[in-house]
$ cat input_30.txt   # compact mmCIF, C-alpha atoms
# COMPACT_ATOMS: atom_id res chain seq x y z
CA THR K 44 65.25 109.14 108.95
CA SER K 45 67.57 111.78 110.37
CA GLY K 46 69.41 114.92 109.48
CA GLY K 47 72.74 113.12 109.37
CA GLY K 48 75.35 112.55 112.05
CA VAL K 49 77.30 109.65 113.56
CA PHE K 50 75.34 106.62 114.78
CA LYS K 51 76.42 103.92 117.22
CA SER K 52 75.09 100.40 117.82
CA GLU K 53 75.68 98.53 121.08
CA ASP K 54 73.70 95.40 120.16
CA GLY K 55 75.33 94.13 116.98
CA GLY K 56 73.55 96.54 114.69
CA LEU K 57 69.94 95.84 115.73
CA THR K 58 69.40 99.38 117.00
CA TRP K 59 71.25 102.64 116.44
CA ILE K 60 71.82 105.76 118.53
CA ASN K 61 72.68 109.12 117.01
CA THR K 62 75.78 110.16 118.95
CA GLY K 63 75.93 113.70 117.62
CA LEU K 64 76.75 115.96 114.65
CA SER K 65 73.13 115.37 113.70
CA ASN K 66 72.88 118.29 111.32
CA LEU K 67 75.91 117.29 109.28
CA GLY K 68 76.49 114.91 106.40
CA ILE K 69 79.35 112.61 107.41
CA LEU K 70 81.54 111.57 104.48
CA THR K 71 84.13 109.52 106.38
CA ILE K 72 84.74 108.08 109.84
CA THR K 73 87.60 106.22 111.50
CA ILE K 74 88.55 105.04 114.97
CA THR K 75 91.92 104.50 116.66
CA LYS K 76 93.10 101.56 118.75
CA ASN K 77 92.31 103.53 121.90
CA ASP K 78 88.77 104.34 120.72
CA ILE K 79 89.22 107.94 119.63
CA ILE K 80 86.69 108.59 116.87
CA TYR K 81 87.30 110.97 113.96
CA ALA K 82 84.53 112.07 111.60
CA GLY K 83 84.77 114.17 108.47
CA SER K 84 82.14 116.61 107.27
CA ASP K 85 82.73 120.31 106.68
CA TYR K 86 85.61 119.98 109.18
CA VAL K 87 87.38 117.13 110.97
CA TYR K 88 85.66 116.31 114.27
CA ARG K 89 86.97 114.22 117.19
CA SER K 90 85.28 112.41 120.05
CA THR K 91 87.14 110.88 122.99
CA ASN K 92 84.01 109.68 124.83
CA GLU K 93 82.28 107.31 122.39
CA GLY K 94 80.47 110.10 120.59
CA ASP K 95 78.89 111.80 123.59
CA SER K 96 80.54 115.06 122.53
CA TRP K 97 82.58 116.27 119.58
CA GLU K 98 85.17 118.96 118.96
CA ILE K 99 86.45 120.54 115.76
CA ILE K 100 90.15 119.80 115.40
CA SER K 101 90.90 121.00 111.90
CA PRO K 102 90.33 124.11 109.80
CA LEU K 103 90.35 121.87 106.71
CA LEU K 104 87.18 122.02 104.69
CA ASP K 105 85.36 118.98 103.34
CA PRO K 106 87.61 115.99 104.16
CA ILE K 107 86.75 113.09 101.86
CA THR K 108 88.62 110.36 103.73
CA LEU K 109 90.28 109.95 107.14
CA PHE K 110 92.92 107.40 108.07
CA VAL K 111 94.90 106.62 111.23
CA SER K 112 98.22 104.87 110.59
CA ASP K 113 99.62 102.12 112.77
CA ASN K 114 101.82 104.63 114.61
CA THR K 115 98.70 106.77 115.26
CA ASN K 116 99.43 109.57 112.78
CA LEU K 117 96.21 110.98 111.36
CA PHE K 118 95.73 111.66 107.65
CA THR K 119 92.91 113.33 105.79
CA GLY K 120 92.40 113.26 102.04
CA ILE K 121 90.65 116.22 100.42
CA TRP K 122 90.18 117.87 97.05
CA GLY K 123 93.75 118.95 96.31
CA GLY K 124 95.88 116.66 98.46
CA ILE K 125 96.60 115.03 101.80
CA TYR K 126 97.18 116.57 105.22
CA LYS K 127 98.97 114.82 108.09
CA SER K 128 98.78 115.34 111.84
CA GLU K 129 101.28 113.87 114.29
CA SER K 130 99.43 115.41 117.23
CA ILE K 131 96.04 113.61 117.04
CA GLY K 132 94.62 116.49 115.05
CA SER K 133 95.96 119.54 116.89
CA ASN K 134 98.31 120.58 114.07
CA TRP K 135 98.28 119.73 110.37
CA VAL K 136 100.84 119.77 107.56
CA GLN K 137 100.06 119.30 103.87
CA VAL K 138 102.18 116.37 102.69
CA LEU K 139 100.74 115.89 99.20
CA SER K 140 99.72 118.83 97.06
CA LEU K 141 97.55 118.12 94.02
CA GLU K 142 95.44 120.10 91.59
CA ASN K 143 92.15 121.26 93.07
CA THR K 144 90.41 119.02 90.51
CA GLU K 145 91.97 115.89 92.05
CA VAL K 146 90.37 114.25 95.07
CA VAL K 147 91.89 111.69 97.48
CA ASN K 148 89.33 108.92 97.99
CA SER K 149 91.30 106.27 99.88
CA ILE K 150 94.36 106.03 102.16
CA ILE K 151 95.63 102.68 103.46
CA GLU K 152 98.78 101.27 105.05
CA ASP K 153 100.75 98.05 104.75
CA THR K 154 101.27 97.51 108.48
CA THR K 155 104.11 95.07 107.82
CA THR K 156 106.24 97.59 105.93
CA GLY K 157 104.69 100.89 107.03
CA ILE K 158 104.20 101.90 103.39
CA LEU K 159 101.17 104.12 102.75
CA TYR K 160 99.07 104.26 99.59
CA ALA K 161 96.52 106.81 98.38
CA GLY K 162 93.99 106.52 95.56
CA THR K 163 92.72 109.59 93.72
CA ILE K 164 90.42 110.80 90.96
CA ASN K 165 91.12 113.71 88.64
CA PHE K 166 88.27 114.25 86.20
CA ILE K 167 90.34 116.36 83.80
CA GLY K 168 93.07 113.72 83.49
CA GLY K 169 95.79 112.40 85.76
CA GLY K 170 95.22 110.99 89.22
CA GLY K 171 95.74 107.34 90.07
CA VAL K 172 97.71 105.85 92.97
CA TYR K 173 100.43 107.40 95.14
CA ARG K 174 102.85 105.73 97.58
CA SER K 175 104.75 106.98 100.62
CA VAL K 176 107.66 105.06 102.16
CA ASP K 177 108.49 107.64 104.85
CA GLY K 178 105.38 107.70 107.00
CA GLY K 179 103.40 109.98 104.73
CA ASP K 180 105.87 112.87 104.59
CA THR K 181 106.46 112.54 100.83
CA TRP K 182 104.51 110.78 98.08
CA LYS K 183 105.32 109.33 94.65
CA HIS K 184 102.86 108.55 91.84
CA ILE K 185 102.95 104.82 90.99
CA GLY K 186 100.44 104.41 88.22
CA LEU K 187 96.82 104.05 87.07
CA THR K 188 96.96 107.51 85.54
CA ASP K 189 93.53 108.66 84.25
CA ASN K 190 91.73 105.91 86.17
CA TYR K 191 89.14 107.04 88.72
CA VAL K 192 90.49 105.18 91.77
CA SER K 193 87.76 104.91 94.39
CA SER K 194 89.28 102.45 96.87
CA LEU K 195 92.38 100.46 97.79
CA ALA K 196 93.05 97.21 99.68
CA LEU K 197 95.99 94.93 100.49
CA ASN K 198 96.10 91.16 100.81
CA SER K 199 98.32 89.15 103.17
CA SER K 200 101.09 89.00 100.55
CA GLY K 201 101.27 92.77 100.21
CA ASP K 202 99.61 92.83 96.78
CA LEU K 203 97.84 96.16 96.26
CA PHE K 204 94.34 96.13 94.78
CA ALA K 205 92.62 99.19 93.36
CA GLY K 206 88.92 99.57 92.63
CA THR K 207 88.02 102.09 89.91
CA ARG K 208 84.72 103.56 88.84
CA GLY K 209 85.58 105.04 85.50
CA GLN K 210 88.46 106.00 83.26
CA GLN K 211 89.38 109.23 81.53
CA TYR K 212 88.67 107.90 78.04
CA THR K 213 86.51 104.77 78.28
CA TYR K 214 84.41 105.50 81.40
CA ARG K 215 84.66 101.85 82.45
CA GLY K 216 85.68 100.83 85.94
CA GLY K 217 87.08 97.63 87.39
CA VAL K 218 89.77 96.08 89.59
CA PHE K 219 93.54 96.31 89.19
CA VAL K 220 96.35 94.67 91.17
CA LEU K 221 99.95 95.71 91.70
CA PRO K 222 101.76 92.55 92.89
CA ALA K 223 104.16 93.09 95.80
CA GLY K 224 107.57 94.18 94.57
CA GLN K 225 106.35 94.82 91.02
CA THR K 226 105.86 98.03 89.06
CA GLU K 227 103.22 97.04 86.49
CA TRP K 228 99.50 97.04 87.25
CA ILE K 229 97.37 94.09 86.06
CA ASN K 230 93.75 94.60 85.02
CA LEU K 231 91.56 91.94 86.66
CA ASN K 232 88.10 93.29 85.88
CA ASP K 233 86.90 96.08 83.59
CA ASP K 234 83.15 95.57 83.72
CA GLU K 235 82.08 97.27 86.97
CA LEU K 236 81.95 100.74 88.51
CA VAL K 237 83.72 99.82 91.75
CA THR K 238 83.09 102.11 94.74
CA SER K 239 84.72 100.01 97.48
CA ILE K 240 86.99 96.99 97.87
CA VAL K 241 87.82 94.89 100.95
CA ILE K 242 89.86 91.73 101.51
CA ASN K 243 89.23 89.32 104.40
CA SER K 244 91.69 87.24 106.44
CA GLU K 245 91.49 84.42 103.86
CA ASP K 246 92.42 86.83 101.03
CA GLU K 247 88.94 86.69 99.57
CA ILE K 248 88.20 89.95 97.71
CA TYR K 249 84.85 91.73 97.81
CA ILE K 250 83.90 94.74 95.71
CA GLY K 251 80.98 97.12 96.12
CA CYS K 252 79.67 98.43 92.81
CA SER K 253 77.38 101.21 91.67
CA THR K 254 75.23 102.08 88.70
CA LEU K 255 75.91 105.78 89.29
CA ASP K 256 77.91 107.40 86.53
CA TYR K 257 81.55 108.26 86.88
CA TYR K 258 80.95 111.93 87.73
CA TRP K 259 79.57 111.10 91.17
CA CYS K 260 82.07 111.72 93.97
CA GLY K 261 82.14 111.90 97.75
$ encode --input "input_30.txt" --output "structure tokens"
Amino acid sequence: TSGGGVFKSEDGGLTWINTGLSNLGILTITITKNDIIYAGSDYVYRSTNEGDSWEIISPLLDPITLFVSDNTNLFTGIWGGIYKSESIGSNWVQVLSLENTEVVNSIIEDTTTGILYAGTINFIGGGGVYRSVDGGDTWKHIGLTDNYVSSLALNSSGDLFAGTRGQQYTYRGGVFVLPAGQTEWINLNDDELVTSIVINSEDEIYIGCSTLDYYWCG
């Protein structure tokens, strides 16, 4: 066991090395094409040397998710919105402002179109999925209001899948899909509390599920 931190494996996962931030609980981690690592805890941290050292690059507290777009812009989702950095974390601008009861759990990009999507939870009602067509500068709500959206994924056709782990009124999670070019979400599964969703190169969909109740977050 450890006190937290970022771990690295150089042998396919057989052994792990704590690279640093060992006293922190890491909620999210991402890596760029040129191997810059970003980790989110109480602040956003960056390592340019495979985790040997870390620097704080953001005054933002408690990032829930980090995402690097195809054009290397950095986004962080927090309670209350999304911040964007076009300078690898040196400067930040809030591009989506939400209520402080709404948390951004997932940010993804359709690399073919450059469209960005964000999934959120608002426990007092609202939330759902947002879309940006201008590189993350502005966002529009596109549905799944009152659903607790935990994760998002895209298949090769550009269909958007959302995993949910509860709903404002029924407290039942599941999987929804928004077919490419459409505006109506389709409910595919309403029997699971979905915490994560991924799609492989053959468009096979995998969901990670939890028995934890819908109030759990982070």
$ residues_around --input "input_30.txt" --residues "K:Gly162" --least-positions-apart "5" --cutoff "6 Å" --atoms "all atoms listed in the file" --output "ChimeraX atom specification"
/K:147-149,171-172,192
$ write_last_selection --input "input_30.txt" --atoms "C-alpha atoms" --output "PDB file, keeping the file's coordinate frame"
ATOM      1  CA  VAL K 147      91.890 111.690  97.480  1.00  0.00           C
ATOM      2  CA  ASN K 148      89.330 108.920  97.990  1.00  0.00           C
ATOM      3  CA  SER K 149      91.300 106.270  99.880  1.00  0.00           C
ATOM      4  CA  GLY K 171      95.740 107.340  90.070  1.00  0.00           C
ATOM      5  CA  VAL K 172      97.710 105.850  92.970  1.00  0.00           C
ATOM      6  CA  VAL K 192      90.490 105.180  91.770  1.00  0.00           C
TER       7      VAL K 192
END
$ residues_around --input "input_30.txt" --residues "K:Leu104" --least-positions-apart "4" --cutoff "10 Å" --atoms "only C-alpha atoms" --output "number ranges by chain"
K: 83-87, 121-122
$ atom_distance --input "input_30.txt" --atom1 "atom CA of K:Ser239" --atom2 "atom CA of K:Thr73"
15.6 Å
$ closest_residue --input "input_30.txt" --among "K:Ile242, K:Leu117, K:Ile79, K:Ile158" --to "K:Ser194" --atoms "all atoms listed in the file"
K:Ile242
$ closest_atom_pairs --input "input_30.txt" --of "stretch 105-174 of chain K" --to "stretch 200-205 of chain K" --cutoff "12 Å" --atoms "all atoms listed in the file" --output "Markdown table"
| residue | atom | partner | partner_atom | distance |
| --- | --- | --- | --- | --- |
| K:Asn148 | CA | K:Ala205 | CA | 11.3 |
| K:Ser149 | CA | K:Ala205 | CA | 9.7 |
| K:Ile150 | CA | K:Ala205 | CA | 11.3 |
| K:Ile151 | CA | K:Leu203 | CA | 10.0 |
| K:Glu152 | CA | K:Gly201 | CA | 10.1 |
| K:Asp153 | CA | K:Gly201 | CA | 7.0 |
| K:Thr154 | CA | K:Gly201 | CA | 9.5 |
| K:Thr155 | CA | K:Gly201 | CA | 8.4 |
| K:Thr156 | CA | K:Gly201 | CA | 9.0 |
| K:Gly157 | CA | K:Gly201 | CA | 11.1 |
| K:Ile158 | CA | K:Gly201 | CA | 10.1 |
| K:Leu159 | CA | K:Leu203 | CA | 10.8 |
| K:Tyr160 | CA | K:Leu203 | CA | 8.8 |
| K:Ala161 | CA | K:Ala205 | CA | 9.9 |
| K:Gly162 | CA | K:Ala205 | CA | 7.8 |
| K:Thr163 | CA | K:Ala205 | CA | 10.4 |
| K:Gly171 | CA | K:Ala205 | CA | 9.3 |
| K:Val172 | CA | K:Ala205 | CA | 8.4 |
| K:Tyr173 | CA | K:Ala205 | CA | 11.5 |
| K:Arg174 | CA | K:Leu203 | CA | 10.9 |
$ closest_residue --input "input_30.txt" --among "K:Gly179, K:Leu64, K:Ser96, K:Gly55" --to "K:Thr115" --atoms "only C-alpha atoms"
K:Gly179
$ residues_near_point --input "input_30.txt" --point "(94.3, 110.3, 83.8)" --cutoff "7 Å" --atoms "all atoms listed in the file" --output "PyMOL selection string"
chain K and resi 165+168-170+188-190+211
$ residues_around --input "input_30.txt" --residues "K:Arg208" --least-positions-apart "3" --cutoff "9 Å" --atoms "all atoms listed in the file" --output "MDAnalysis selection string"
chainID K and resid 190:193 214:217 235:238 252:253 256:257
$ write_last_selection --input "input_30.txt" --atoms "C-alpha atoms" --output "PDB file, in the frame of the given file"
ATOM      1  CA  ASN K 190      91.730 105.910  86.170  1.00  0.00           C
ATOM      2  CA  TYR K 191      89.140 107.040  88.720  1.00  0.00           C
ATOM      3  CA  VAL K 192      90.490 105.180  91.770  1.00  0.00           C
ATOM      4  CA  SER K 193      87.760 104.910  94.390  1.00  0.00           C
ATOM      5  CA  TYR K 214      84.410 105.500  81.400  1.00  0.00           C
ATOM      6  CA  ARG K 215      84.660 101.850  82.450  1.00  0.00           C
ATOM      7  CA  GLY K 216      85.680 100.830  85.940  1.00  0.00           C
ATOM      8  CA  GLY K 217      87.080  97.630  87.390  1.00  0.00           C
ATOM      9  CA  GLU K 235      82.080  97.270  86.970  1.00  0.00           C
ATOM     10  CA  LEU K 236      81.950 100.740  88.510  1.00  0.00           C
ATOM     11  CA  VAL K 237      83.720  99.820  91.750  1.00  0.00           C
ATOM     12  CA  THR K 238      83.090 102.110  94.740  1.00  0.00           C
ATOM     13  CA  CYS K 252      79.670  98.430  92.810  1.00  0.00           C
ATOM     14  CA  SER K 253      77.380 101.210  91.670  1.00  0.00           C
ATOM     15  CA  ASP K 256      77.910 107.400  86.530  1.00  0.00           C
ATOM     16  CA  TYR K 257      81.550 108.260  86.880  1.00  0.00           C
TER      17      TYR K 257
END
$ closest_residue --input "input_30.txt" --among "K:Thr91, K:Asn198, K:Ser101, K:Thr108" --to "K:Leu70" --atoms "only C-alpha atoms"
K:Thr108
$ closest_residue --input "input_30.txt" --among "K:Ser133, K:Val138, K:Thr207, K:Leu57" --to "K:Asp177" --atoms "all atoms listed in the file"
K:Val138
$ build_atoms --input "input_30.txt" --residues "stretch 210-221 of chain K" --atoms "N, CA, C and O atoms" --output "tab-separated table (two decimals), in the coordinates of the input"
chain	number	residue	atom	x	y	z
K	210	GLN	N	87.13	105.77	83.84
K	210	GLN	CA	88.46	106.00	83.26
K	210	GLN	C	88.35	107.18	82.32
K	210	GLN	O	87.31	107.40	81.70
K	211	GLN	N	89.40	107.95	82.24
K	211	GLN	CA	89.38	109.23	81.53
K	211	GLN	C	88.81	109.10	80.12
K	211	GLN	O	88.13	109.99	79.64
K	212	TYR	N	89.07	108.00	79.45
K	212	TYR	CA	88.67	107.90	78.04
K	212	TYR	C	87.56	106.89	77.78
K	212	TYR	O	86.78	107.06	76.86
K	213	THR	N	87.50	105.82	78.57
K	213	THR	CA	86.51	104.77	78.28
K	213	THR	C	85.34	104.79	79.24
K	213	THR	O	84.31	104.18	78.96
K	214	TYR	N	85.48	105.44	80.41
K	214	TYR	CA	84.41	105.50	81.40
K	214	TYR	C	83.96	104.12	81.85
K	214	TYR	O	82.79	103.86	82.09
K	215	ARG	N	84.94	103.19	81.95
K	215	ARG	CA	84.66	101.85	82.45
K	215	ARG	C	85.54	101.61	83.66
K	215	ARG	O	86.74	101.88	83.64
K	216	GLY	N	84.93	101.10	84.73
K	216	GLY	CA	85.68	100.83	85.94
K	216	GLY	C	86.11	99.39	86.03
K	216	GLY	O	85.96	98.61	85.09
K	217	GLY	N	86.66	99.01	87.20
K	217	GLY	CA	87.08	97.63	87.39
K	217	GLY	C	88.02	97.48	88.56
K	217	GLY	O	88.05	98.31	89.47
K	218	VAL	N	88.82	96.41	88.52
K	218	VAL	CA	89.77	96.08	89.59
K	218	VAL	C	91.15	95.87	88.98
K	218	VAL	O	91.29	95.16	87.97
K	219	PHE	N	92.15	96.49	89.59
K	219	PHE	CA	93.54	96.31	89.19
K	219	PHE	C	94.33	95.80	90.38
K	219	PHE	O	93.95	96.01	91.53
K	220	VAL	N	95.45	95.12	90.10
K	220	VAL	CA	96.35	94.67	91.17
K	220	VAL	C	97.78	95.03	90.81
K	220	VAL	O	98.20	94.93	89.65
K	221	LEU	N	98.51	95.50	91.81
K	221	LEU	CA	99.95	95.71	91.70
K	221	LEU	C	100.61	94.69	92.61
K	221	LEU	O	100.64	94.86	93.83
